[in-house]
Amino acid sequence: MDFVSRETLEKWIFVESGYLEEFNEKNRMGLTSDQLELLLAYARFLWETNQVINLVSRKDEINILRKHICHGLALSILSREYQFKSVLDLGTGGGIPGIPYAITHPDTSVILMDSIQKKITALESFIQLTGLKNTRAIRSRSEEWKQDQPVDAIFSRGVGTLKDMLNWTKSLRKNSKGMVYLFLKGGDLESEFSEIAGFMKNEIHNVQVKPVTFWGADQIGEDKSLIILETK
């Protein structure tokens, strides 16, 4: 998509604000007006920044809120039973699901991690601009990170296979007993689970696969799930 005018962008934000309010109400999220405004500011940031840095597919810019940010909000809708103190969004890219989670969970410390510096720099600018005090962005790989705080959970959205993610975070798992993985994924999950059968037997005590089915899920796409793995 070519760069849009400021007028077009503002019209898009106005339309999406109504959708977001309905999304909040229908899914009983209980978000405040300030939180909704932050989510809209994030949508604006992604659209504007995407003209310079590829944070989401250029073909998908019109769907930034409904398909991408609302997909990130699936964590808030489908994992309400968890109260995390600190979480790591691994391979955060443009900040999903980490930033939506940080906005909806202001008492949780959120670490956004990616190996690409320009993406981290962009996310740092958003964090500074909005005063999102519970969030920080780090350029690193999980295998190389000199961990300076424990994490209760690791998030990811479409980053690697289950086997990849578990291998990449082996050292983090040792430092955080009882850590929980929450992966937003699609595709052949049966095949991916078969690859980690040994890990499942030895290190996991609870597995949940929750289909992404809530109001607005039709805008996100088919065959999407939230995978939750609770380690021993």
# chains A, B, ... in the order shown; residues from 1 in each chain; ligands from 1

call {"tool": "closest_atom_pairs", "arguments": {"of": "stretch 9-96 of chain A", "to": "stretch 185-196 of chain A", "cutoff": "12 Å", "atoms": "only C-alpha atoms", "output": "tab-separated table"}}
result
residue	atom	partner	partner_atom	distance
A:His71	CA	A:Lys185	CA	10.4
A:Gly72	CA	A:Lys185	CA	11.2
A:Ala74	CA	A:Lys185	CA	11.4
A:Leu75	CA	A:Lys185	CA	11.8

call {"tool": "residues_around", "arguments": {"residues": "stretch 166-181 of chain A", "least_positions_apart": "3", "cutoff": "7 Å", "atoms": "only C-alpha atoms", "output": "PDB file with N, CA and C atoms, in the first residue's frame"}}
result
ATOM      1  N   SER A 142      17.291 -14.976  22.549  1.00  0.00           N
ATOM      2  CA  SER A 142      17.062 -15.543  23.879  1.00  0.00           C
ATOM      3  C   SER A 142      18.261 -16.348  24.361  1.00  0.00           C
ATOM      4  N   GLU A 143      18.963 -17.025  23.428  1.00  0.00           N
ATOM      5  CA  GLU A 143      20.120 -17.834  23.800  1.00  0.00           C
ATOM      6  C   GLU A 143      21.282 -16.976  24.300  1.00  0.00           C
ATOM      7  N   PRO A 150      13.814 -12.499  36.395  1.00  0.00           N
ATOM      8  CA  PRO A 150      13.093 -13.733  36.083  1.00  0.00           C
ATOM      9  C   PRO A 150      11.862 -13.429  35.240  1.00  0.00           C
ATOM     10  N   VAL A 151      11.410 -14.413  34.467  1.00  0.00           N
ATOM     11  CA  VAL A 151      10.173 -14.259  33.706  1.00  0.00           C
ATOM     12  C   VAL A 151       9.228 -15.415  34.043  1.00  0.00           C
ATOM     13  N   ASP A 152       7.967 -15.063  34.218  1.00  0.00           N
ATOM     14  CA  ASP A 152       6.954 -16.077  34.526  1.00  0.00           C
ATOM     15  C   ASP A 152       6.443 -16.761  33.276  1.00  0.00           C
ATOM     16  N   ALA A 153       6.535 -16.049  32.136  1.00  0.00           N
ATOM     17  CA  ALA A 153       5.952 -16.583  30.910  1.00  0.00           C
ATOM     18  C   ALA A 153       6.709 -16.066  29.691  1.00  0.00           C
ATOM     19  N   ILE A 154       6.662 -16.870  28.637  1.00  0.00           N
ATOM     20  CA  ILE A 154       7.219 -16.473  27.347  1.00  0.00           C
ATOM     21  C   ILE A 154       6.101 -16.516  26.317  1.00  0.00           C
ATOM     22  N   PHE A 155       5.948 -15.405  25.592  1.00  0.00           N
ATOM     23  CA  PHE A 155       4.949 -15.276  24.535  1.00  0.00           C
ATOM     24  C   PHE A 155       5.633 -15.337  23.176  1.00  0.00           C
ATOM     25  N   LEU A 162       7.365 -25.149  17.652  1.00  0.00           N
ATOM     26  CA  LEU A 162       7.390 -25.388  19.090  1.00  0.00           C
ATOM     27  C   LEU A 162       8.765 -25.899  19.519  1.00  0.00           C
ATOM     28  N   LYS A 163       9.332 -26.794  18.735  1.00  0.00           N
ATOM     29  CA  LYS A 163      10.655 -27.339  19.041  1.00  0.00           C
ATOM     30  C   LYS A 163      11.703 -26.238  19.051  1.00  0.00           C
ATOM     31  N   ILE A 228      -0.816 -23.283  25.258  1.00  0.00           N
ATOM     32  CA  ILE A 228      -0.305 -23.001  26.591  1.00  0.00           C
ATOM     33  C   ILE A 228       0.417 -24.234  27.122  1.00  0.00           C
ATOM     34  N   LEU A 229       1.680 -24.071  27.461  1.00  0.00           N
ATOM     35  CA  LEU A 229       2.473 -25.159  28.036  1.00  0.00           C
ATOM     36  C   LEU A 229       2.965 -24.720  29.410  1.00  0.00           C
ATOM     37  N   GLU A 230       2.555 -25.417  30.437  1.00  0.00           N
ATOM     38  CA  GLU A 230       3.006 -25.120  31.793  1.00  0.00           C
ATOM     39  C   GLU A 230       4.135 -26.069  32.157  1.00  0.00           C
ATOM     40  N   THR A 231       5.312 -25.527  32.455  1.00  0.00           N
ATOM     41  CA  THR A 231       6.459 -26.372  32.790  1.00  0.00           C
ATOM     42  C   THR A 231       6.419 -26.750  34.274  1.00  0.00           C
ATOM     43  N   LYS A 232       7.126 -27.822  34.582  1.00  0.00           N
ATOM     44  CA  LYS A 232       7.158 -28.335  35.962  1.00  0.00           C
ATOM     45  C   LYS A 232       8.047 -27.453  36.837  1.00  0.00           C
TER      46      LYS A 232
END

call {"tool": "select_by_dssp", "arguments": {"residues": "stretch 18-205 of chain A", "states": "alpha helix (DSSP H)", "output": "MDAnalysis selection string"}}
result
chainID A and resid 18:26 33:49 70:72 74:78 98:104 117:130 162:168 170:175 189:195 197:203

call {"tool": "atom_distance", "arguments": {"atom1": "atom CA of A:Thr32", "atom2": "atom CA of A:Leu65"}}
result
17.4 Å

call {"tool": "residues_around", "arguments": {"residues": "stretch 123-140 of chain A", "least_positions_apart": "4", "cutoff": "10 Å", "atoms": "only C-alpha atoms", "output": "PyMOL selection string"}}
result
chain A and resi 38+41-42+45-46+49+86-95+98-99+101-103+105-119+144-146

call {"tool": "atom_distance", "arguments": {"atom1": "atom CA of A:Gln149", "atom2": "atom CA of A:His68"}}
result
28.3 Å

call {"tool": "atom_distance", "arguments": {"atom1": "atom CA of A:Glu21", "atom2": "atom CA of A:Glu81"}}
result
23.0 Å

call {"tool": "residues_around", "arguments": {"residues": "A:Ala217", "least_positions_apart": "6", "cutoff": "10 Å", "atoms": "only C-alpha atoms", "output": "list of chain:residue names"}}
result
A:Phe23, A:Arg66, A:Lys67, A:Cys70, A:His71, A:Ala74, A:Pro211, A:Lys224

call {"tool": "residues_around", "arguments": {"residues": "A:Ile64", "least_positions_apart": "5", "cutoff": "9 Å", "atoms": "only C-alpha atoms", "output": "tab-separated table (two decimals) with N, CA and C atoms, in the first residue's frame"}}
result
chain	number	residue	atom	x	y	z
A	43	ALA	N	-1.97	1.30	16.99
A	43	ALA	CA	-2.38	1.04	15.60
A	43	ALA	C	-1.85	2.14	14.68
A	44	ARG	N	-1.97	3.38	15.12
A	44	ARG	CA	-1.46	4.51	14.34
A	44	ARG	C	0.06	4.40	14.17
A	46	LEU	N	1.92	1.70	14.25
A	46	LEU	CA	2.27	0.61	13.33
A	46	LEU	C	2.08	1.03	11.88
A	47	TRP	N	0.97	1.71	11.60
A	47	TRP	CA	0.70	2.12	10.22
A	47	TRP	C	1.75	3.12	9.75
A	56	VAL	N	4.69	-5.05	9.75
A	56	VAL	CA	3.66	-6.00	9.31
A	56	VAL	C	3.65	-5.96	7.78
A	69	ILE	N	-3.43	-6.55	15.91
A	69	ILE	CA	-3.51	-6.14	17.31
A	69	ILE	C	-4.55	-6.97	18.07
A	70	CYS	N	-5.70	-7.20	17.44
A	70	CYS	CA	-6.74	-8.01	18.10
A	70	CYS	C	-6.30	-9.46	18.25

call {"tool": "closest_residue", "arguments": {"among": "A:Gly216, A:Gly198, A:Arg6, A:Gly158", "to": "A:Leu20", "atoms": "only C-alpha atoms"}}
result
A:Gly216

call {"tool": "select_by_dssp", "arguments": {"residues": "stretch 63-207 of chain A", "states": "strand (DSSP E or B)", "output": "ChimeraX atom specification"}}
result
/A:86-90,109-114,135-139,153-157,180-186,204-207

call {"tool": "write_last_selection", "arguments": {"atoms": "N, CA and C atoms", "output": "compact mmCIF listing (two decimals), in the first residue's frame"}}
result
# COMPACT_ATOMS: atom_id res chain seq x y z
N SER A 86 6.04 -10.95 35.27
CA SER A 86 6.99 -10.56 34.23
C SER A 86 6.90 -11.52 33.06
N VAL A 87 6.83 -10.99 31.84
CA VAL A 87 6.72 -11.84 30.66
C VAL A 87 7.70 -11.38 29.59
N LEU A 88 8.07 -12.31 28.73
CA LEU A 88 8.98 -12.04 27.62
C LEU A 88 8.27 -12.34 26.31
N ASP A 89 8.22 -11.35 25.43
CA ASP A 89 7.68 -11.53 24.08
C ASP A 89 8.87 -11.78 23.15
N LEU A 90 9.05 -13.03 22.78
CA LEU A 90 10.24 -13.44 22.02
C LEU A 90 10.00 -13.33 20.51
N SER A 109 5.26 -6.64 34.11
CA SER A 109 6.46 -6.17 33.42
C SER A 109 6.61 -6.95 32.11
N VAL A 110 6.71 -6.23 31.00
CA VAL A 110 6.76 -6.86 29.67
C VAL A 110 8.09 -6.52 29.00
N ILE A 111 8.79 -7.56 28.57
CA ILE A 111 10.05 -7.41 27.84
C ILE A 111 9.81 -7.79 26.38
N LEU A 112 10.11 -6.87 25.48
CA LEU A 112 10.00 -7.12 24.05
C LEU A 112 11.40 -7.45 23.53
N MET A 113 11.57 -8.63 22.93
CA MET A 113 12.89 -9.02 22.46
C MET A 113 12.87 -9.36 20.98
N ASP A 114 13.84 -8.81 20.25
CA ASP A 114 14.01 -9.11 18.84
C ASP A 114 15.49 -8.94 18.50
N THR A 135 7.03 -1.53 30.18
CA THR A 135 7.55 -2.20 28.98
C THR A 135 8.94 -1.72 28.63
N ARG A 136 9.79 -2.65 28.22
CA ARG A 136 11.09 -2.29 27.67
C ARG A 136 11.41 -3.20 26.49
N ALA A 137 12.21 -2.68 25.58
CA ALA A 137 12.58 -3.41 24.36
C ALA A 137 14.07 -3.70 24.37
N ILE A 138 14.43 -4.94 24.02
CA ILE A 138 15.82 -5.39 24.06
C ILE A 138 16.20 -6.04 22.74
N ARG A 139 17.35 -5.62 22.18
CA ARG A 139 17.87 -6.31 21.00
C ARG A 139 18.75 -7.46 21.47
N ALA A 153 6.53 -16.05 32.14
CA ALA A 153 5.95 -16.58 30.91
C ALA A 153 6.71 -16.07 29.69
N ILE A 154 6.66 -16.87 28.64
CA ILE A 154 7.22 -16.47 27.35
C ILE A 154 6.10 -16.52 26.32
N PHE A 155 5.95 -15.41 25.59
CA PHE A 155 4.95 -15.28 24.53
C PHE A 155 5.63 -15.34 23.18
N SER A 156 4.90 -15.74 22.18
CA SER A 156 5.35 -15.54 20.80
C SER A 156 4.14 -15.64 19.88
N ARG A 157 4.28 -15.03 18.73
CA ARG A 157 3.23 -15.07 17.70
C ARG A 157 3.88 -15.45 16.38
N VAL A 180 5.59 -20.53 32.11
CA VAL A 180 4.49 -20.87 31.19
C VAL A 180 4.80 -20.32 29.81
N TYR A 181 4.57 -21.15 28.79
CA TYR A 181 4.68 -20.71 27.40
C TYR A 181 3.28 -20.45 26.85
N LEU A 182 3.14 -19.32 26.14
CA LEU A 182 1.88 -19.02 25.46
C LEU A 182 2.22 -18.64 24.02
N PHE A 183 1.84 -19.52 23.09
CA PHE A 183 2.19 -19.35 21.69
C PHE A 183 0.93 -19.16 20.85
N LEU A 184 0.88 -18.08 20.09
CA LEU A 184 -0.20 -17.88 19.11
C LEU A 184 0.28 -18.47 17.80
N LYS A 185 -0.37 -19.54 17.37
CA LYS A 185 0.10 -20.27 16.19
C LYS A 185 -1.06 -20.75 15.33
N GLY A 186 -0.70 -21.10 14.09
CA GLY A 186 -1.61 -21.79 13.21
C GLY A 186 -0.86 -22.95 12.58
N ILE A 204 6.67 -30.96 31.02
CA ILE A 204 5.37 -30.26 30.99
C ILE A 204 4.37 -30.99 31.87
N HIS A 205 3.61 -30.22 32.67
CA HIS A 205 2.59 -30.88 33.49
C HIS A 205 1.17 -30.47 33.08
N ASN A 206 1.06 -29.49 32.19
CA ASN A 206 -0.28 -29.12 31.73
C ASN A 206 -0.18 -28.51 30.34
N VAL A 207 -1.07 -28.95 29.43
CA VAL A 207 -1.11 -28.46 28.05
C VAL A 207 -2.54 -28.04 27.73

call {"tool": "closest_residue", "arguments": {"among": "A:Leu78, A:Ile120, A:Val52, A:Leu73", "to": "A:Leu31", "atoms": "only C-alpha atoms"}}
result
A:Leu73
